[in-house]
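**Q** A single structure is presented below for examination.
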Amino acid sequence: MSLKGLLFGGAKINNTYANLGLLILRVYAGLVLASQHGIRKIPPPEKFIHGVGELGFPLPEFFAWAAGCAEFFGGILLAVGLLTRPAAFFILITMLAAVFGRHAVDPFNVKELAVTYGIIAITFLLAGSGRYGLDRLFHR
């Protein structure tokens with residue numbers, strides 16, 4: 001697979017309804033992730049930086065910024081379908097840290113949101129943006 005294919009590619013789905021489904025999920029999940037979660041972490045509050053440090057990450061301020069950027073900018077990129085696969089990758093890494101780090105001992109209903117965003121990220125990591133994303137303009 002070429003670098004261009006890795007950055008902008010995805011499954012070639014010819015079904016209009018399947019592409020509309022990807023569009024709806026991509027726009028909704030991306031905008032909600034960015035506006036309800038990511039924006040609260042740009043810049044990362046001290047409490048969030050402290051929490052990242054408690055997870056054992058070196059340079060907690062750097063990783064707090066990385067998580068905030070993954071959620072905010074990754075969510076926006078996901079919503080518009082640009083660099084969908086890299087955005088989904090960074091969202092997935094952030095959600096894995098949330099599920100297996102911050103919420104490791106919590107009951108499922110507490111970690112459910114991070115699991116859901118992680119599953120959505122896996123979907124777009126594998127499928128790409130679909131026909132109705134900006135990636136298609138670059139992948140031709």
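Starting from 1 in every chain, residues are counted up; chains themselves are A, B, ... following the order of the structure tokens, and ligands are numbered from 1 as listed.
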May I have the residues within 9 Å of A:Ala88 as a JSON list (two decimals) with C-alpha atoms, in the first residue's frame, using only C-alpha atoms and disregarding those fewer than 3 positions away in the same chain?
**A**
[["chain", "number", "residue", "atom", "x", "y", "z"],
["A", 70, "ALA", "CA", -6.42, 13.57, 19.05],
["A", 74, "GLY", "CA", -8.96, 14.13, 15.14],
["A", 75, "GLY", "CA", -12.69, 14.60, 15.64],
["A", 77, "LEU", "CA", -10.74, 15.55, 10.60],
["A", 78, "LEU", "CA", -13.01, 12.56, 11.08],
["A", 83, "LEU", "CA", -6.91, 12.08, 6.74],
["A", 84, "THR", "CA", -9.59, 9.83, 8.16],
["A", 85, "ARG", "CA", -7.41, 6.80, 8.77],
["A", 91, "ILE", "CA", -8.40, 8.60, 18.35],
["A", 92, "LEU", "CA", -8.12, 4.83, 18.87],
["A", 93, "ILE", "CA", -4.82, 5.15, 20.77],
["A", 118, "GLY", "CA", -12.69, 3.20, 20.05],
["A", 120, "ILE", "CA", -15.95, 3.81, 15.80],
["A", 121, "ALA", "CA", -12.27, 4.64, 15.31],
["A", 122, "ILE", "CA", -11.52, 1.03, 14.34],
["A", 123, "THR", "CA", -14.34, 1.18, 11.79],
["A", 124, "PHE", "CA", -12.88, 4.26, 10.08],
["A", 125, "LEU", "CA", -9.32, 3.01, 10.42],
["A", 128, "GLY", "CA", -11.64, 5.07, 5.49]]
**Q** Could you check the closest approach to A:His37 for each of A:Asp106, A:Asp135, A:Glu112, A:Glu71 and tell me which residue wins, using only C-alpha atoms?
**A** A:Glu71
**Q** Mind pulling up the distance from atom CA of A:Ser2 to atom CA of A:Arg131?
**A**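 Atom-to-atom, atom CA of A:Arg131 and atom CA of A:Ser2 are spaced 19.2 Å apart.
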**Q** Would you mind reading off the distance between atom CA of A:Pro86 and atom CA of A:Phe73, one decimal, in Å?
**A**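 Spanning atom CA of A:Pro86 to atom CA of A:Phe73 is a straight-line distance of 11.2 Å.
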**Q** Quick one: pick out all alpha helix (DSSP H) residues within chain A from a backbone DSSP run and write them as a PyMOL selection string.
**A** chain A and resi 3-8+16-33+46-54+60-80+84-97+108-127+135-139
**Q** Keeping C-alpha atoms, export the residues of the selection given above as an mmCIF file, in the first residue's frame.
**A**
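Dumped everything to result_0.cif:
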data_model
loop_
_atom_site.group_PDB
_atom_site.id
_atom_site.type_symbol
_atom_site.label_atom_id
_atom_site.label_comp_id
_atom_site.auth_asym_id
_atom_site.auth_seq_id
_atom_site.Cartn_x
_atom_site.Cartn_y
_atom_site.Cartn_z
ATOM 1 C CA LEU A 3 1.642 6.308 1.569
ATOM 2 C CA LYS A 4 -1.135 8.114 -0.308
ATOM 3 C CA GLY A 5 -3.359 5.061 0.047
ATOM 4 C CA LEU A 6 -2.553 4.752 3.730
ATOM 5 C CA LEU A 7 -3.328 8.429 4.413
ATOM 6 C CA PHE A 8 -6.325 8.950 2.130
ATOM 7 C CA THR A 16 -24.892 4.565 -1.749
ATOM 8 C CA TYR A 17 -26.688 3.646 1.476
ATOM 9 C CA ALA A 18 -23.527 2.219 3.036
ATOM 10 C CA ASN A 19 -21.646 5.411 2.147
ATOM 11 C CA LEU A 20 -24.453 7.530 3.622
ATOM 12 C CA GLY A 21 -24.255 5.443 6.785
ATOM 13 C CA LEU A 22 -20.496 6.055 7.007
ATOM 14 C CA LEU A 23 -21.062 9.768 6.406
ATOM 15 C CA ILE A 24 -23.671 10.077 9.159
ATOM 16 C CA LEU A 25 -21.587 8.125 11.687
ATOM 17 C CA ARG A 26 -18.388 9.968 10.750
ATOM 18 C CA VAL A 27 -19.888 13.459 11.000
ATOM 19 C CA TYR A 28 -21.806 12.784 14.204
ATOM 20 C CA ALA A 29 -19.008 10.986 16.050
ATOM 21 C CA GLY A 30 -16.346 13.437 14.901
ATOM 22 C CA LEU A 31 -18.274 16.570 15.823
ATOM 23 C CA VAL A 32 -19.409 15.235 19.188
ATOM 24 C CA LEU A 33 -15.918 14.008 20.068
ATOM 25 C CA GLU A 46 -3.909 20.909 35.234
ATOM 26 C CA LYS A 47 -6.258 18.227 36.573
ATOM 27 C CA PHE A 48 -6.097 16.375 33.245
ATOM 28 C CA ILE A 49 -2.295 16.682 33.060
ATOM 29 C CA HIS A 50 -2.085 15.337 36.620
ATOM 30 C CA GLY A 51 -4.358 12.416 35.682
ATOM 31 C CA VAL A 52 -2.187 11.579 32.682
ATOM 32 C CA GLY A 53 0.851 11.603 34.969
ATOM 33 C CA GLU A 54 -0.914 9.248 37.387
ATOM 34 C CA PRO A 60 2.386 14.060 31.147
ATOM 35 C CA GLU A 61 1.905 17.555 29.721
ATOM 36 C CA PHE A 62 2.967 16.340 26.256
ATOM 37 C CA PHE A 63 0.661 13.314 26.397
ATOM 38 C CA ALA A 64 -2.215 15.429 27.741
ATOM 39 C CA TRP A 65 -1.794 17.722 24.717
ATOM 40 C CA ALA A 66 -1.601 14.656 22.440
ATOM 41 C CA ALA A 67 -4.858 13.279 23.850
ATOM 42 C CA GLY A 68 -6.602 16.649 23.565
ATOM 43 C CA CYS A 69 -5.400 17.119 19.982
ATOM 44 C CA ALA A 70 -6.419 13.566 19.048
ATOM 45 C CA GLU A 71 -9.928 14.195 20.346
ATOM 46 C CA PHE A 72 -10.360 17.749 19.056
ATOM 47 C CA PHE A 73 -8.470 17.860 15.754
ATOM 48 C CA GLY A 74 -8.957 14.128 15.136
ATOM 49 C CA GLY A 75 -12.690 14.596 15.640
ATOM 50 C CA ILE A 76 -12.801 17.472 13.166
ATOM 51 C CA LEU A 77 -10.744 15.554 10.599
ATOM 52 C CA LEU A 78 -13.009 12.562 11.079
ATOM 53 C CA ALA A 79 -16.126 14.701 10.611
ATOM 54 C CA VAL A 80 -14.945 16.163 7.292
ATOM 55 C CA THR A 84 -9.587 9.835 8.157
ATOM 56 C CA ARG A 85 -7.406 6.800 8.774
ATOM 57 C CA PRO A 86 -4.591 8.649 10.622
ATOM 58 C CA ALA A 87 -7.186 10.601 12.637
ATOM 59 C CA ALA A 88 -8.963 7.355 13.539
ATOM 60 C CA PHE A 89 -5.628 5.819 14.558
ATOM 61 C CA PHE A 90 -4.843 8.620 17.018
ATOM 62 C CA ILE A 91 -8.402 8.600 18.349
ATOM 63 C CA LEU A 92 -8.118 4.834 18.871
ATOM 64 C CA ILE A 93 -4.823 5.149 20.766
ATOM 65 C CA THR A 94 -6.379 7.812 23.007
ATOM 66 C CA MET A 95 -9.457 5.670 23.678
ATOM 67 C CA LEU A 96 -7.299 2.630 24.463
ATOM 68 C CA ALA A 97 -5.437 4.713 27.055
ATOM 69 C CA PHE A 108 -18.310 -1.104 31.901
ATOM 70 C CA ASN A 109 -20.949 1.636 32.122
ATOM 71 C CA VAL A 110 -18.167 4.097 33.051
ATOM 72 C CA LYS A 111 -15.828 3.095 30.226
ATOM 73 C CA GLU A 112 -18.614 2.525 27.686
ATOM 74 C CA LEU A 113 -18.166 5.886 25.940
ATOM 75 C CA ALA A 114 -14.426 5.372 25.409
ATOM 76 C CA VAL A 115 -15.085 1.830 24.150
ATOM 77 C CA THR A 116 -17.726 3.157 21.737
ATOM 78 C CA TYR A 117 -15.414 5.844 20.336
ATOM 79 C CA GLY A 118 -12.688 3.200 20.055
ATOM 80 C CA ILE A 119 -14.957 0.896 18.033
ATOM 81 C CA ILE A 120 -15.953 3.806 15.795
ATOM 82 C CA ALA A 121 -12.274 4.645 15.313
ATOM 83 C CA ILE A 122 -11.516 1.026 14.339
ATOM 84 C CA THR A 123 -14.338 1.184 11.795
ATOM 85 C CA PHE A 124 -12.880 4.260 10.085
ATOM 86 C CA LEU A 125 -9.316 3.012 10.418
ATOM 87 C CA LEU A 126 -10.349 -0.003 8.352
ATOM 88 C CA ALA A 127 -12.933 1.545 6.011
ATOM 89 C CA ASP A 135 -10.098 11.952 1.359
ATOM 90 C CA ARG A 136 -11.668 10.955 -1.917
ATOM 91 C CA LEU A 137 -10.420 14.200 -3.533
ATOM 92 C CA PHE A 138 -6.819 13.260 -2.720
ATOM 93 C CA HIS A 139 -6.965 9.546 -3.415
#
